[in-house]
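Below is structure_20.csv, holding CSV, C-alpha atoms and all ligand atoms.
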chain,number,residue,atom,x,y,z
A,1,MET,CA,0.0,0.0,0.0
A,2,ALA,CA,1.3,3.5,-0.8
A,3,TYR,CA,2.7,5.4,2.1
A,4,LYS,CA,0.3,8.2,3.2
A,5,PRO,CA,1.8,10.7,5.6
A,6,ASN,CA,-0.3,12.2,8.3
A,7,ASP,CA,1.9,15.1,9.2
A,8,HIS,CA,1.2,18.8,9.6
A,9,TYR,CA,1.1,19.4,5.8
A,10,ALA,CA,-1.2,16.4,5.2
A,11,GLN,CA,-3.6,17.5,7.8
A,12,LYS,CA,-3.5,21.1,6.5
A,13,ALA,CA,-4.2,19.9,3.0
A,14,ARG,CA,-7.2,17.9,4.1
A,15,LYS,CA,-8.5,20.9,6.0
A,16,GLU,CA,-8.0,23.3,3.0
A,17,ASN,CA,-9.5,20.7,0.6
A,18,TYR,CA,-6.4,20.1,-1.4
A,19,ALA,CA,-5.9,16.7,-3.0
A,20,ALA,CA,-2.3,16.3,-1.6
A,21,ARG,CA,0.2,17.8,0.8
A,22,SER,CA,2.5,18.5,-2.1
A,23,VAL,CA,0.5,21.7,-2.8
A,24,TYR,CA,2.5,23.4,-0.1
A,25,LYS,CA,5.7,22.8,-2.1
A,26,LEU,CA,4.3,24.6,-5.1
A,27,GLN,CA,2.9,27.3,-2.9
A,28,GLU,CA,6.3,28.0,-1.4
A,29,ILE,CA,7.9,28.0,-4.8
A,30,ASP,CA,5.3,30.4,-6.2
A,31,THR,CA,5.5,32.7,-3.1
A,32,LYS,CA,9.3,33.0,-3.6
A,33,TYR,CA,9.6,33.0,-7.4
A,34,LYS,CA,6.2,34.4,-8.6
A,35,LEU,CA,5.5,31.7,-11.2
A,36,PHE,CA,1.8,32.5,-12.1
A,37,ARG,CA,-0.1,35.5,-13.4
A,38,ARG,CA,-3.8,35.9,-13.9
A,39,GLY,CA,-4.7,34.6,-17.3
A,40,ASP,CA,-1.7,32.3,-17.7
A,41,ASN,CA,-1.9,28.9,-19.5
A,42,VAL,CA,-0.2,26.2,-17.4
A,43,LEU,CA,0.9,22.7,-18.2
A,44,ASP,CA,1.0,20.5,-15.1
A,45,LEU,CA,3.0,17.3,-15.8
A,46,GLY,CA,2.5,14.5,-13.3
A,47,ALA,CA,-0.7,16.1,-12.0
A,48,ALA,CA,-2.3,13.3,-10.0
A,49,PRO,CA,-4.0,13.5,-7.5
A,50,GLY,CA,-4.4,17.1,-8.5
A,51,SER,CA,-3.2,19.6,-5.8
A,52,TRP,CA,-0.8,21.5,-8.0
A,53,SER,CA,-3.5,21.9,-10.7
A,54,GLN,CA,-5.9,23.1,-7.9
A,55,TYR,CA,-3.3,25.7,-6.8
A,56,ALA,CA,-2.5,26.8,-10.4
A,57,SER,CA,-6.2,27.0,-11.2
A,58,SER,CA,-6.9,29.6,-8.6
A,59,ALA,CA,-3.6,31.4,-9.2
A,60,VAL,CA,-4.3,32.0,-12.9
A,61,GLY,CA,-8.0,32.7,-12.3
A,62,PRO,CA,-11.0,32.2,-14.7
A,63,ASP,CA,-9.2,33.7,-17.7
A,64,GLY,CA,-6.3,31.2,-17.3
A,65,LYS,CA,-6.2,27.5,-18.1
A,66,VAL,CA,-4.5,24.5,-16.6
A,67,LEU,CA,-3.8,21.3,-18.5
A,68,GLY,CA,-2.9,18.4,-16.2
A,69,ILE,CA,-1.4,15.2,-17.5
A,70,ASP,CA,-0.8,12.0,-15.5
A,71,LEU,CA,-0.6,8.2,-16.0
A,72,THR,CA,-3.5,8.0,-13.5
A,73,PRO,CA,-6.8,9.7,-13.9
A,74,VAL,CA,-7.7,12.9,-11.9
A,75,ALA,CA,-11.1,14.3,-11.4
A,76,SER,CA,-11.6,18.1,-11.4
A,77,SER,CA,-14.5,20.3,-10.8
A,78,ALA,CA,-12.7,23.5,-11.7
A,79,SER,CA,-13.9,24.9,-15.1
A,80,ASN,CA,-10.4,26.2,-16.1
A,81,VAL,CA,-8.7,22.8,-15.5
A,82,TYR,CA,-8.6,19.9,-18.0
A,83,PHE,CA,-7.0,16.6,-17.0
A,84,ALA,CA,-5.8,13.9,-19.4
A,85,GLU,CA,-4.8,10.4,-18.5
A,86,GLN,CA,-1.6,10.2,-20.6
A,87,ASP,CA,2.1,9.3,-20.5
A,88,ILE,CA,4.1,12.4,-21.3
A,89,PHE,CA,6.5,10.4,-23.4
A,90,THR,CA,3.7,9.5,-25.9
A,91,ALA,CA,1.1,12.3,-25.5
A,92,ASP,CA,-0.4,13.9,-28.6
A,93,TRP,CA,0.1,17.5,-27.4
A,94,GLN,CA,-1.8,19.2,-30.2
A,95,ALA,CA,-4.9,17.1,-29.5
A,96,LEU,CA,-4.6,17.7,-25.8
A,97,PHE,CA,-4.2,21.5,-26.2
A,98,ALA,CA,-7.3,21.5,-28.4
A,99,ALA,CA,-9.3,19.4,-25.9
A,100,ALA,CA,-8.3,21.8,-23.1
A,101,GLY,CA,-9.2,24.8,-25.2
A,102,MET,CA,-5.7,26.1,-24.9
A,103,ARG,CA,-3.6,27.8,-27.5
A,104,PRO,CA,0.1,27.1,-27.1
A,105,PRO,CA,2.7,28.4,-26.4
A,106,VAL,CA,2.0,28.2,-22.7
A,107,ASP,CA,3.3,30.5,-20.0
A,108,VAL,CA,4.4,27.9,-17.4
A,109,VAL,CA,5.3,24.2,-17.4
A,110,VAL,CA,5.6,22.5,-14.0
A,111,SER,CA,6.6,18.9,-13.4
A,112,ASP,CA,6.2,17.2,-10.1
A,113,MET,CA,6.6,13.8,-11.8
A,114,ALA,CA,8.1,11.1,-9.8
A,115,PRO,CA,9.3,7.7,-11.0
A,116,ASN,CA,8.5,4.4,-9.2
A,117,THR,CA,11.2,4.4,-6.6
A,118,THR,CA,13.5,1.5,-5.7
A,119,GLY,CA,15.2,2.9,-2.6
A,120,ILE,CA,18.5,2.7,-4.5
A,121,SER,CA,19.4,6.4,-4.7
A,122,ILE,CA,21.5,6.1,-7.9
A,123,THR,CA,18.6,4.4,-9.7
A,124,ASP,CA,16.0,6.7,-8.4
A,125,HIS,CA,18.1,9.7,-9.4
A,126,ALA,CA,18.5,8.3,-13.0
A,127,ARG,CA,14.8,7.7,-13.3
A,128,SER,CA,13.9,11.1,-11.9
A,129,LEU,CA,16.4,12.8,-14.2
A,130,ALA,CA,14.9,11.0,-17.2
A,131,LEU,CA,11.5,12.5,-16.3
A,132,CYS,CA,13.0,15.9,-15.9
A,133,GLU,CA,14.6,15.6,-19.3
A,134,ALA,CA,11.3,14.6,-20.9
A,135,ALA,CA,9.5,17.5,-19.1
A,136,LEU,CA,12.2,19.9,-20.4
A,137,ASP,CA,11.6,18.5,-24.0
A,138,VAL,CA,7.9,19.3,-23.5
A,139,ALA,CA,8.7,22.8,-22.2
A,140,LYS,CA,11.1,23.4,-25.2
A,141,ALA,CA,8.3,22.5,-27.6
A,142,HIS,CA,5.5,24.4,-26.0
A,143,LEU,CA,6.8,27.2,-23.7
A,144,LYS,CA,6.6,30.8,-24.8
A,145,ASN,CA,9.5,33.1,-25.0
A,146,GLY,CA,10.1,34.3,-21.4
A,147,GLY,CA,8.1,31.4,-19.9
A,148,CYS,CA,8.8,29.5,-16.8
A,149,PHE,CA,9.7,25.8,-16.1
A,150,VAL,CA,9.7,24.0,-12.7
A,151,CYS,CA,10.7,20.4,-12.2
A,152,LYS,CA,11.3,18.0,-9.3
A,153,LEU,CA,14.5,16.1,-9.3
A,154,PHE,CA,15.8,13.5,-6.9
A,155,ASP,CA,19.3,14.7,-6.2
A,156,GLY,CA,22.4,12.8,-7.5
A,157,GLU,CA,25.6,13.2,-9.5
A,158,ASP,CA,24.0,14.3,-12.8
A,159,ALA,CA,21.9,17.1,-11.2
A,160,PRO,CA,24.5,19.9,-11.7
A,161,ALA,CA,24.8,19.0,-15.4
A,162,PHE,CA,21.0,19.2,-15.8
A,163,ARG,CA,20.9,22.5,-14.0
A,164,ASN,CA,23.8,23.9,-16.2
A,165,GLY,CA,21.8,22.9,-19.3
A,166,LEU,CA,18.8,24.9,-18.0
A,167,LYS,CA,21.1,27.9,-17.5
A,168,LYS,CA,21.8,27.9,-21.2
A,169,ILE,CA,18.2,28.5,-22.2
A,170,PHE,CA,16.7,30.3,-19.2
A,171,LYS,CA,17.7,33.7,-17.8
A,172,THR,CA,17.6,32.5,-14.2
A,173,VAL,CA,17.8,29.1,-12.6
A,174,ASN,CA,17.3,28.5,-8.9
A,175,ALA,CA,17.0,25.4,-6.7
A,176,LEU,CA,14.7,25.1,-3.7
A,177,ARG,CA,14.0,22.4,-1.2
A,178,PRO,CA,10.6,23.4,0.1
A,179,GLN,CA,9.7,23.0,3.8
A,180,ALA,CA,7.0,20.4,2.9
A,181,VAL,CA,9.6,18.0,1.5
A,182,ARG,CA,10.0,15.1,3.9
A,183,LYS,CA,13.3,14.9,5.7
A,184,GLU,CA,14.2,11.5,4.2
A,185,SER,CA,13.5,12.6,0.6
A,186,ARG,CA,16.3,13.5,-1.8
A,187,GLU,CA,14.0,15.7,-3.9
A,188,PHE,CA,14.4,19.3,-4.7
A,189,TYR,CA,13.0,21.6,-7.3
A,190,LEU,CA,14.6,23.6,-10.1
A,191,ILE,CA,12.9,26.8,-11.0
A,192,ALA,CA,14.0,28.1,-14.4
A,193,GLN,CA,12.6,31.5,-15.5
A,194,GLY,CA,12.8,33.6,-18.6
A,195,TYR,CA,12.9,31.0,-21.4
A,196,VAL,CA,15.0,32.0,-24.4
A,197,PRO,CA,14.4,29.6,-27.2
A,198,ASN,CA,17.5,28.8,-29.2
A,201,LIG,C1,4.2,13.2,-6.6
A,201,LIG,S1,3.0,12.8,-7.8
A,201,LIG,C2,2.4,14.4,-8.3
A,201,LIG,C3,1.6,15.1,-7.2
A,201,LIG,C4,0.8,16.3,-7.8
A,201,LIG,N1,1.8,17.4,-8.1
A,201,LIG,C5,-0.2,16.9,-6.9
A,201,LIG,O1,0.1,17.9,-6.2
A,201,LIG,O2,-1.3,16.3,-6.7
A,201,LIG,C6,3.9,12.3,-9.2
A,201,LIG,C7,3.1,11.9,-10.4
A,201,LIG,O3,3.9,11.7,-11.5
A,201,LIG,C8,3.2,10.8,-12.4
A,201,LIG,N2,4.1,10.4,-13.5
A,201,LIG,C9,5.2,9.7,-13.4
A,201,LIG,N3,5.7,9.4,-14.6
A,201,LIG,C10,4.8,10.0,-15.5
A,201,LIG,C11,4.7,10.0,-17.0
A,201,LIG,N4,5.6,9.4,-17.7
A,201,LIG,N5,3.7,10.7,-17.5
A,201,LIG,C12,2.8,11.3,-16.8
A,201,LIG,N6,2.8,11.3,-15.4
A,201,LIG,C13,3.8,10.6,-14.8
A,201,LIG,C14,2.8,9.7,-11.4
A,201,LIG,O4,1.7,8.9,-12.0
A,201,LIG,C15,2.4,10.5,-10.2
A,201,LIG,O5,1.0,10.7,-10.1

In structure tokens, what does this structure look like?
Ligand SMILES: C[S@@+](CC[C@H](N)C(=O)[O-])C[C@H]1O[C@@H](n2cnc3c(N)ncnc32)[C@H](O)[C@@H]1O
Amino acid sequence: MAYKPNDHYAQKARKENYAARSVYKLQEIDTKYKLFRRGDNVLDLGAAPGSWSQYASSAVGPDGKVLGIDLTPVASSASNVYFAEQDIFTADWQALFAAAGMRPPVDVVVSDMAPNTTGISITDHARSLALCEAALDVAKAHLKNGGCFVCKLFDGEDAPAFRNGLKKIFKTVNALRPQAVRKESREFYLIAQGYVPN
């Protein structure tokens, strides 16, 4: 059975009607780096069970849109959120944008994707990095000039090279380990802003 924490953040998420405690990671990132503006179009990669999309939905407001993608289905009642049960490696993006009523390029791409973990840090790092690279490919294909990209990475030896790669195509790149990340986790987030397409 999947591990379900019942800590301060999990309880707060339940009280505030968020689908997961991970919402507070995005909230901290957004508070610090100002990711979202009213009216933005947002791609949420690895969206289930839906808390990041919930947060983005209210941050962009009724004139904005959120397209959430995950291997597992997500239900949403928000009118500006469209979820698709898809693998980001094989998704038909044009069809998804059309279904979501969204016209690319988008303003923000966020990825909270996580691989199935093994407990072997080198393997988990490699799998997580592969998801970050795939998310970055999606961002490169669909992010507007000046747009913003956020991804979760399980730390490891290839993290600096990935971060340096981001620095070549974004004006600023920061790393943050939000307070809501559990102590035993090796995850942190890269926040890349000011996309400059090659
Ligand atoms: C930590 S959860 C995301 C939590 C979400 N941000 C929230 O706040 O509700 C990570 C998600 O990444 C998804 N994921 C992993 N690989 C994926 C892939 N190739 N395509 C789409 N989603 C993927 C998993 O199915 C899982 O639901």

Identify, on the basis of all atoms listed in the file, every residue whose closest approach to Val74 (chain A) does not exceed 9 Å; exclude the query and any residue fewer than 2 positions from it along the same chain; express the result as a list in words. Ala47, Ala48, Pro49, Gly50, Gly68, Ile69, Asp70, Thr72, Ser76, Phe83, Ala84 and Glu85 of chain A

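Proximity of A:Asp107, A:Asp44, A:Asp30, A:Asp7 to ligand LIG 201 (chain A), computed with only C-alpha atoms and all ligand atoms, is greatest for A:Asp44.
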
Distance limit 10 Å, reference ligand LIG 201 (chain A), atoms considered: only C-alpha atoms and all ligand atoms. Which residues make the cut? Give them as number ranges by chain. A: 18-26, 44-55, 68-74, 84-91, 110-116, 127-128, 130-132, 134-135, 152

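Taking CA of Val181 (chain A) as the reference point, CA of Val42 (chain A) is found at 22.8 Å.
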
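CA of Ala10 (chain A) is positioned 26.0 Å from CA of Val108 (chain A).
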
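All residues of protein, DNA or RNA that reach within 9 Å of Ile29 (chain A), judged by only C-alpha atoms and not counting those fewer than 5 positions away in the chain, are Tyr24, Lys34, Leu35, Leu176, Pro178, Tyr189 and Ile191 of chain A.
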
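For the choices A:Tyr33, A:Tyr9, A:Asn198, A:Gly147, the atom-to-atom distance to Lys168 (chain A) is smallest for A:Asn198 when using only C-alpha atoms.
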
Shortest contact to Ala59 (chain A), candidates A:Ile120, A:Cys151, A:Ala13, A:Val81, atoms counted all atoms listed in the file, goes to A:Val81
